[in-house]
Amino acid sequence: MRGISETPAEIRSSGCGFSLDRPLDTLEAFQSKSQIAVSLSNRLGTLSRFDPFDRLRAGRLTANYFIDREASSLPRGLPRGLPNVQPQITRRHFPIAMLAFSVASAAAAGESPAAVSLSPAAETTLRSFFGTYCRECHGPDKQKAERRFDQLPLSVTRPDMLIDLQDIVDQLNLGEMPPVDAEKRPEQREVREVVTLLTQLVADGHARFSSTGGQTVLRRLNRREYINTVGDLFGLNMTMFDPTTKFPRDQTAMQMDNIGDALKTSGYLLAQYLDAADQVVEKAFRQAERPHAQTWHFAGDFRQQPELRYSHGKVHQYKYLCLYETANSDKHEGAYGPLAQFSDGVPADGYYEIRVKAEAKFRRHPYDPKIFGMDPEMPFRLGVVSGTIKAGALHLPQPIEPQLGEVIVKDDEPEWHTFKVWLDAGHTPRFTFPNGMLSVRNAYGRILRQHNTMFPPEVRGTTGIVEARVVVMRHGQLPHIRIHEVEIRGPLIDRWPPAGRQVVLGSQPFSPGRTREILKQFADRAYRRPARDDEVDRLFAVVEDRRKQGRNDFEAMKDGLKAALCSPAFLYLVEPEALGATERALPAHALAARLSYFLWSTMPDAELRRLADSGELLKDDVLVAQARRLLASPRASVFVTGFLDSWLNLRSLGDMPPDRGTFARYYAQDLQPAMKRETQLFARDLIERNESIIRFLDADYTFANRPLARLYGLENAVEPARGHEFLRIKFNTPQRGGLLGQGSVLTVSANGIETSPVIRGVWLLENILGTPPAPPPDNVPPIDPDIRGAKSMREILSKHRDNAACYDCHRRIDPLGFALENFDPIGAWRTQYSKGKPIDSSGELPGGHAFQDVAGLKQVLVERKDQFARMLTERLLSYGCGRRMEPLDRRNVNRILEQTKPENYRFRDLIEQAVLSPIFRSK
């Protein structure tokens, strides 16, 4: 739909948002199609009065529209030269105009980036090449494909110039130009030199045109920040409540999901904000009266999923609820144990006490352990996850199913276990077997075939899955967890009204006379700064409108809260400033928000707000003390998770899942979450101990549970009784330590079937050295795998590198990737490929640094620790500020490195210095 997906000449934005490309009086079709304006009007009242975007003041970043209202009502802080919609937007069209909200950086506001140029020597090289080899077909006499290279500008002043230069690069890479029948053909050396120069020119051009001039682009909250923030605003437990399920996926830049100019805002997303606000507020006030505790008891009639119902009726007469599989099974037969009689779930939000009488059966069995894929030495574990019938069948996985608790169950001895868990209304507990078998459905037939003589003669010939279940359950020793009884009691209310309700309403009960006071206090917290009187006036106007439409006082007040949740002052990390202000230092409240979203991914807490109110937060010692406080809190786990997902791209772990046949252990032993947990614990340990970031490269230890330790060849490093725990383990070989030996990194840099030195090499260049290669040329033939295993990866890639256009990049990429070839697609060590070809992991980097294997590469990387520290510092700053680091930032980055280098770049010191830097404290 034009007007959203395109950026016209009249309105251009380098920030997030969408723009209008024609007068608004022709947009009725857009209005009727989207229905967004109607939804806004219905939910929030008269929108010409409630104008959440009208007063947004973001200095360099503001709304890209004008309306024919009083001059004092126009958006403030508009930079000079900002393109705008002419005053054709009337009050009649204002609901749609509000949806045209868009933000732009000052660098893009009516200005063009400085031209990207080559050095005189480089320009001479290119002019000579074009004159010698291209003039015949693309010169003054002939212009094939309407291209003329003798007048081609080599100073990039417009984005469209990049297209012409990229076309030349692509044709040279493909070897199609100059054509084979040309009078003169260049040598490969000349082609490589020209491709390198043009590629750098194109890369510099892209960087300049996406530049924000070293300033932070106004950005909206991403999904995880939104969830955390509304949870804190209303004191809600967000464990199983996600109001963002219909939000589009956040766009990423540099693998980060919080870069301002990448976080677009669309009409669809605005509509979802309305739905989310409605869900959040209604949930916060759903329970008007204190619920009474109830008790439910279940025993003797456990009806399981349809596939098991017949066999359980015949063998157990429904006396037990049995669990057989891990939730990673692809067939899910006994992976989840829901209570069929409690499918509607609990009646109210709250904590519930769940008592379960359970035992482990046949952990020790006479069968081939490969049938089950389990570790027979580890005791069985019983887990509890939530589920709701609204999300689908309770015996299958659901989009939101947090782990609520887990215990070890004894062998052949029924024992009561007690869990105290939070459950949302409508959610029911489901029991799981975290270290169960991978596929019970496949186990029945294999047991009967491989161990036929262990069964009574009359059933040895049993065929068919239905009867095989009955035979193996009745006569066999199928490992499983058996639940005898379940008791649920709750909700357990220790205070009323709940704390979350008091957070919004205060200590006094609601009364109509308190409405403005409630809105003011809520807006102060939601906007992360003291709300202005005019902002509160607009919220109160919504309440008044809703009262006139027949809503009672309390319901109208709730609509005012919903209006605040749809305001850009809430949805965007706003940095207000006076018209014409040139000061770039963040005011105290904006600095508090930046620090809190950096380390907690949520709004500032009471202490940060207090220090912002007083202005004390602007002092260096106070700011660093707050950074330490936030880092020391358990809530900083969201920083570790978010930053690692962004820096190392761990967010993509599982996007290309390993083959289930070849890598069954990955699923049977639940390695994916274990791998991610390992890297998170490793990083968190470096922060807590303020250890050097160089340990990311050369540590001789890690944190692993028993399945992960077994993957690393250290089976006995974690004893079976504590097999589910993550313990610090030490490696006895130099190949494994640090990030380059961790399963998360090795799996996310593979394709799930086989490894690629190219993929892993690029990953290392981007995320360890901070020097990503240029994008591959268009239409370069892919690297075809040798499915017969007749060739090694080196032999396959050697032909690819013979291409002159590919050589320059691959000589940087391939040696790094080859160093990791001893690790298979899930990080297990190997010395040969599947068909027996030996693995050669040696290599030599440009500049002459040679190594024999990954241990040698790590030594080379440690020698380049300054480069690694610079990369990590820039990533921290990008993550903390929500923007890319640019050449203008280099001086301040250097200062951080100079301050932390004497102590070998300790991790917490690096974070603190990043927070204290002018980059972090500036707009």
# chains A, B, ... in the order shown; residues from 1 in each chain; ligands from 1
call {"tool": "select_by_dssp", "arguments": {"residues": "segment 521-682 of chain A", "states": "helix (DSSP H, G or I)", "output": "PyMOL selection string"}}
result
chain A and resi 521-526+533-548+553-565+568-571+588-599+606-614+616-618+620-632+634-647+650-652+664-668+671-682
call {"tool": "residues_around", "arguments": {"residues": "segment 304-314 of chain A", "least_positions_apart": "2", "cutoff": "9 Å", "atoms": "only C-alpha atoms", "output": "VMD selection string"}}
result
chain A and resid 302 316 to 322 333 to 334 337 to 340 394 to 395 466 to 467 469 to 471 473 to 474
call {"tool": "atom_distance", "arguments": {"atom1": "atom CA of Ser922 of chain A", "atom2": "atom CA of Ala585 of chain A"}}
result
4.4 Å
call {"tool": "residues_around", "arguments": {"residues": "segment 455-462 of chain A", "least_positions_apart": "2", "cutoff": "9 Å", "atoms": "only C-alpha atoms", "output": "list in words"}}
result
Leu448, Arg449, His451, Asn452, Thr453, Gly464, Glu467, Ala468, Val471, Val472, His475 and Gly476 of chain A
call {"tool": "write_last_selection", "arguments": {"atoms": "N, CA and C atoms", "output": "PDB file, in the first residue's frame"}}
result
ATOM      1  N   LEU A 448      10.090 -54.632  21.418  1.00  0.00           N
ATOM      2  CA  LEU A 448       9.556 -55.957  21.047  1.00  0.00           C
ATOM      3  C   LEU A 448      10.473 -56.676  20.064  1.00  0.00           C
ATOM      4  N   ARG A 449      11.100 -55.936  19.153  1.00  0.00           N
ATOM      5  CA  ARG A 449      11.978 -56.582  18.179  1.00  0.00           C
ATOM      6  C   ARG A 449      13.319 -56.991  18.797  1.00  0.00           C
ATOM      7  N   HIS A 451      14.215 -57.218  22.023  1.00  0.00           N
ATOM      8  CA  HIS A 451      14.189 -57.968  23.284  1.00  0.00           C
ATOM      9  C   HIS A 451      12.962 -58.870  23.332  1.00  0.00           C
ATOM     10  N   ASN A 452      12.699 -59.515  22.215  1.00  0.00           N
ATOM     11  CA  ASN A 452      11.483 -60.306  22.069  1.00  0.00           C
ATOM     12  C   ASN A 452      11.378 -61.431  23.091  1.00  0.00           C
ATOM     13  N   THR A 453      12.499 -62.049  23.411  1.00  0.00           N
ATOM     14  CA  THR A 453      12.465 -63.213  24.311  1.00  0.00           C
ATOM     15  C   THR A 453      12.144 -62.838  25.745  1.00  0.00           C
ATOM     16  N   GLY A 464       1.486 -53.839  15.229  1.00  0.00           N
ATOM     17  CA  GLY A 464       0.560 -52.700  15.315  1.00  0.00           C
ATOM     18  C   GLY A 464       0.836 -51.895  16.559  1.00  0.00           C
ATOM     19  N   GLU A 467      -1.682 -52.293  19.892  1.00  0.00           N
ATOM     20  CA  GLU A 467      -1.484 -53.452  20.760  1.00  0.00           C
ATOM     21  C   GLU A 467      -0.067 -53.498  21.317  1.00  0.00           C
ATOM     22  N   ALA A 468       0.922 -52.955  20.564  1.00  0.00           N
ATOM     23  CA  ALA A 468       2.296 -52.928  21.070  1.00  0.00           C
ATOM     24  C   ALA A 468       2.379 -52.081  22.334  1.00  0.00           C
ATOM     25  N   VAL A 471       1.125 -54.280  25.232  1.00  0.00           N
ATOM     26  CA  VAL A 471       2.054 -55.350  25.591  1.00  0.00           C
ATOM     27  C   VAL A 471       3.251 -54.809  26.360  1.00  0.00           C
ATOM     28  N   VAL A 472       3.856 -53.748  25.847  1.00  0.00           N
ATOM     29  CA  VAL A 472       5.062 -53.211  26.489  1.00  0.00           C
ATOM     30  C   VAL A 472       4.724 -52.592  27.841  1.00  0.00           C
ATOM     31  N   HIS A 475       3.791 -55.902  30.152  1.00  0.00           N
ATOM     32  CA  HIS A 475       4.801 -56.927  30.391  1.00  0.00           C
ATOM     33  C   HIS A 475       6.237 -56.397  30.402  1.00  0.00           C
ATOM     34  N   GLY A 476       6.420 -55.160  29.942  1.00  0.00           N
ATOM     35  CA  GLY A 476       7.778 -54.642  29.824  1.00  0.00           C
ATOM     36  C   GLY A 476       8.180 -53.756  30.990  1.00  0.00           C
TER      37      GLY A 476
END
call {"tool": "closest_residue", "arguments": {"among": "A:Pro491, A:Pro838, A:Gly848, A:Pro902", "to": "Ala348 of chain A", "atoms": "only C-alpha atoms"}}
result
A:Pro491
call {"tool": "residues_around", "arguments": {"residues": "segment 607-615 of chain A", "least_positions_apart": "4", "cutoff": "7 Å", "atoms": "only C-alpha atoms", "output": "list in words"}}
result
Ala588, His589 and Ala592 of chain A
call {"tool": "write_last_selection", "arguments": {"atoms": "C-alpha atoms", "output": "compact mmCIF listing (two decimals), in the first residue's frame"}}
result
# COMPACT_ATOMS: atom_id res chain seq x y z
CA ALA A 588 18.33 13.39 34.16
CA HIS A 589 15.09 11.52 33.43
CA ALA A 592 17.68 7.27 33.98
call {"tool": "residues_around", "arguments": {"residues": "Ile759 of chain A", "least_positions_apart": "3", "cutoff": "8 Å", "atoms": "only C-alpha atoms", "output": "count of residues only"}}
result
7
call {"tool": "atom_distance", "arguments": {"atom1": "atom CA of Ile729 of chain A", "atom2": "atom CA of Tyr666 of chain A"}}
result
20.2 Å
call {"tool": "closest_residue", "arguments": {"among": "A:Glu225, A:Asp645, A:Glu487, A:Glu325", "to": "Arg875 of chain A", "atoms": "only C-alpha atoms"}}
result
A:Asp645
call {"tool": "residues_around", "arguments": {"residues": "segment 650-655 of chain A", "least_positions_apart": "3", "cutoff": "10 Å", "atoms": "only C-alpha atoms", "output": "JSON list (two decimals) with N, CA and C atoms, in the first residue's frame"}}
result
[["chain", "number", "residue", "atom", "x", "y", "z"],
["A", 255, "GLN", "N", 22.25, -7.38, 14.22],
["A", 255, "GLN", "CA", 21.72, -8.44, 15.05],
["A", 255, "GLN", "C", 21.04, -7.91, 16.31],
["A", 256, "MET", "N", 20.95, -6.60, 16.47],
["A", 256, "MET", "CA", 20.34, -6.00, 17.66],
["A", 256, "MET", "C", 18.90, -5.63, 17.39],
["A", 257, "ASP", "N", 18.06, -5.82, 18.40],
["A", 257, "ASP", "CA", 16.63, -5.55, 18.25],
["A", 257, "ASP", "C", 16.21, -4.23, 18.88],
["A", 641, "THR", "N", 21.07, -11.72, 28.78],
["A", 641, "THR", "CA", 20.36, -12.42, 27.71],
["A", 641, "THR", "C", 20.24, -11.54, 26.46],
["A", 642, "GLY", "N", 19.78, -10.30, 26.65],
["A", 642, "GLY", "CA", 19.56, -9.42, 25.50],
["A", 642, "GLY", "C", 20.85, -9.07, 24.79],
["A", 643, "PHE", "N", 21.90, -8.80, 25.56],
["A", 643, "PHE", "CA", 23.16, -8.42, 24.92],
["A", 643, "PHE", "C", 23.79, -9.59, 24.18],
["A", 644, "LEU", "N", 23.78, -10.78, 24.77],
["A", 644, "LEU", "CA", 24.35, -11.94, 24.09],
["A", 644, "LEU", "C", 23.53, -12.31, 22.86],
["A", 645, "ASP", "N", 22.21, -12.19, 22.95],
["A", 645, "ASP", "CA", 21.38, -12.44, 21.77],
["A", 645, "ASP", "C", 21.76, -11.51, 20.64],
["A", 646, "SER", "N", 22.12, -10.28, 20.99],
["A", 646, "SER", "CA", 22.46, -9.29, 19.97],
["A", 646, "SER", "C", 23.90, -9.42, 19.50],
["A", 647, "TRP", "N", 24.81, -9.48, 20.42],
["A", 647, "TRP", "CA", 26.23, -9.56, 20.05],
["A", 647, "TRP", "C", 26.54, -10.87, 19.32],
["A", 658, "PRO", "N", 19.23, -28.63, 14.20],
["A", 658, "PRO", "CA", 20.02, -29.78, 13.72],
["A", 658, "PRO", "C", 19.13, -30.93, 13.28],
["A", 672, "GLN", "N", 19.73, -27.46, 23.45],
["A", 672, "GLN", "CA", 19.62, -26.07, 22.98],
["A", 672, "GLN", "C", 19.51, -25.07, 24.13],
["A", 673, "PRO", "N", 18.56, -25.23, 25.06],
["A", 673, "PRO", "CA", 18.53, -24.27, 26.18],
["A", 673, "PRO", "C", 19.75, -24.38, 27.07],
["A", 675, "MET", "N", 22.84, -24.98, 26.05],
["A", 675, "MET", "CA", 23.91, -24.22, 25.39],
["A", 675, "MET", "C", 23.77, -22.72, 25.64],
["A", 676, "LYS", "N", 22.55, -22.23, 25.51],
["A", 676, "LYS", "CA", 22.33, -20.80, 25.72],
["A", 676, "LYS", "C", 22.59, -20.44, 27.18],
["A", 679, "THR", "N", 26.40, -20.01, 27.97],
["A", 679, "THR", "CA", 27.00, -18.74, 27.57],
["A", 679, "THR", "C", 26.53, -17.61, 28.47],
["A", 744, "SER", "N", 26.68, -23.12, 21.96],
["A", 744, "SER", "CA", 25.76, -22.11, 21.43],
["A", 744, "SER", "C", 26.35, -21.43, 20.20],
["A", 745, "VAL", "N", 27.61, -21.02, 20.30],
["A", 745, "VAL", "CA", 28.27, -20.34, 19.19],
["A", 745, "VAL", "C", 28.46, -21.29, 18.02],
["A", 746, "LEU", "N", 28.87, -22.51, 18.29],
["A", 746, "LEU", "CA", 29.16, -23.46, 17.22],
["A", 746, "LEU", "C", 27.88, -23.93, 16.53],
["A", 747, "THR", "N", 26.77, -23.96, 17.26],
["A", 747, "THR", "CA", 25.50, -24.38, 16.65],
["A", 747, "THR", "C", 24.86, -23.24, 15.86],
["A", 748, "VAL", "N", 24.91, -22.02, 16.41],
["A", 748, "VAL", "CA", 24.28, -20.90, 15.71],
["A", 748, "VAL", "C", 25.04, -20.53, 14.45],
["A", 749, "SER", "N", 26.31, -20.95, 14.35],
["A", 749, "SER", "CA", 27.11, -20.65, 13.16],
["A", 749, "SER", "C", 27.17, -21.84, 12.21],
["A", 750, "ALA", "N", 26.27, -22.81, 12.39],
["A", 750, "ALA", "CA", 26.17, -23.95, 11.47],
["A", 750, "ALA", "C", 24.76, -23.97, 10.90],
["A", 751, "ASN", "N", 24.53, -24.84, 9.93],
["A", 751, "ASN", "CA", 23.22, -24.83, 9.27],
["A", 751, "ASN", "C", 22.32, -25.98, 9.71],
["A", 752, "GLY", "N", 22.72, -26.73, 10.74],
["A", 752, "GLY", "CA", 21.90, -27.81, 11.24],
["A", 752, "GLY", "C", 22.17, -29.15, 10.60]]
call {"tool": "atom_distance", "arguments": {"atom1": "atom CA of Asn904 of chain A", "atom2": "atom CA of Ile693 of chain A"}}
result
7.8 Å
call {"tool": "closest_atom_pairs", "arguments": {"of": "segment 202-276 of chain A", "to": "segment 363-386 of chain A", "cutoff": "12 Å", "atoms": "only C-alpha atoms", "output": "JSON lines"}}
result
{"residue": "A:Thr239", "atom": "CA", "partner": "A:Ser386", "partner_atom": "CA", "distance": 9.6}
{"residue": "A:Met240", "atom": "CA", "partner": "A:Ser386", "partner_atom": "CA", "distance": 7.7}
{"residue": "A:Phe241", "atom": "CA", "partner": "A:Ser386", "partner_atom": "CA", "distance": 11.1}
